[in-house]
Every structure is written in structure tokens, then in C-alpha cells.
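Chemist: Sharing a structure below in C-alpha cells format, with a few things to ask.
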Amino acid sequence: MRKVPKNQRAGMEWLINHMPEEDLKVIGSRFLLDNCKLAYEAREEYSWASEVPDSIFFEYVLPYASLNERREN
């Protein structure tokens, strides 16, 4: 968590706490950091995105894949 920017820590904590167990074993920190950064950049890029509650952002924007998707950048 030391490498996670402060403004992204809540999202990264949520992501790690909700990852499938198998993903926790095989997905590296760089992959998570990159995907988390992209999600937050998208949130900052659009003025309307600041109105999206964290609960929606965490559940539907932040995740790097849905359950049946391939894990890749």
C-alpha cells in the first residue's frame, strides 16, 4: 500500500478486499497499481464523474475485470 497514492488508497483497499482468491495469488502489484491509476484518471477527466458515489465507482469502474474476463492489461 506504500506505493498507492493517498487519493487512491480507499479504492485499492476495496479492490484487494473484493478480489477473488485466485487473483490474489497470481496478479502482481504493478497490474493493480496501473489499473487503479487508470480508473482514477477516468474519474478525474470527466466533470460528471465526481458525482458518481464511491460505492458505484468501486463496484463498476475500479475493477480490472469481471469474473469471467481474462486478466490482462
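Chain lettering (A, B, ...) mirrors the order of the C-alpha cells, residue numbering begins at 1 for each chain separately, and ligand numbering begins at 1 in order of display.
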Using the chain letters and numbers from this document, which residues of chain A does DSSP assign to alpha helix (DSSP H), as a PyMOL selection string?
Modeler: chain A and resi 9-18+21-26+29-45+54-56
Chemist: Name all residues at most 12 Å from Asn35 in chain A (count only C-alpha atoms; drop same-chain ones fewer than 5 positions away) and give them as a list in words.
Modeler: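 Here the answer would be Val4, Gln8, Gly11, Met12, Leu15, Ile27, Gly28, Ser29, Arg30, Tyr40, Glu41, Ala42, Val61, Leu62, Pro63, Tyr64, Ala65, Arg71, Glu72 and Asn73 of chain A.
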Chemist: Can you pull out every residue within 10 Å of Trp14 in chain A, counting only C-alpha atoms, but drop anything in the same chain fewer than 4 positions away, and send it as a PyMOL selection string?
Modeler: chain A and resi 9-10+18-19+55+58-59+62-63
Chemist: Which residue gives the smallest distance to Ala39 in chain A among A:Lys3, A:Glu13, A:Phe57, A:Val52, with only C-alpha atoms counted?
Modeler: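 Counting only C-alpha atoms, the residue closest to Ala39 in chain A is A:Phe57.
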Chemist: Counting only C-alpha atoms, which residue out of A:Glu22, A:Pro53, A:Ser47, A:Pro5 sits closest to Asp34 in chain A?
Modeler: A:Pro5
Chemist: Could you check how far CA of Leu32 in chain A sits from CA of Trp48 in chain A, in Å to one decimal?
Modeler: 24.8 Å
Chemist: To one decimal place in Å, what is the distance between CA of Lys37 in chain A and CA of Pro20 in chain A?
Modeler: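 According to the coordinates, CA of Lys37 in chain A and CA of Pro20 in chain A are separated by 20.2 Å.
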Chemist: Rounded to one decimal, what separation in Å do you get between CA of Ser50 in chain A and CA of Asn7 in chain A?
Modeler: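 Result for CA of Ser50 in chain A versus CA of Asn7 in chain A: 13.2 Å, one decimal.
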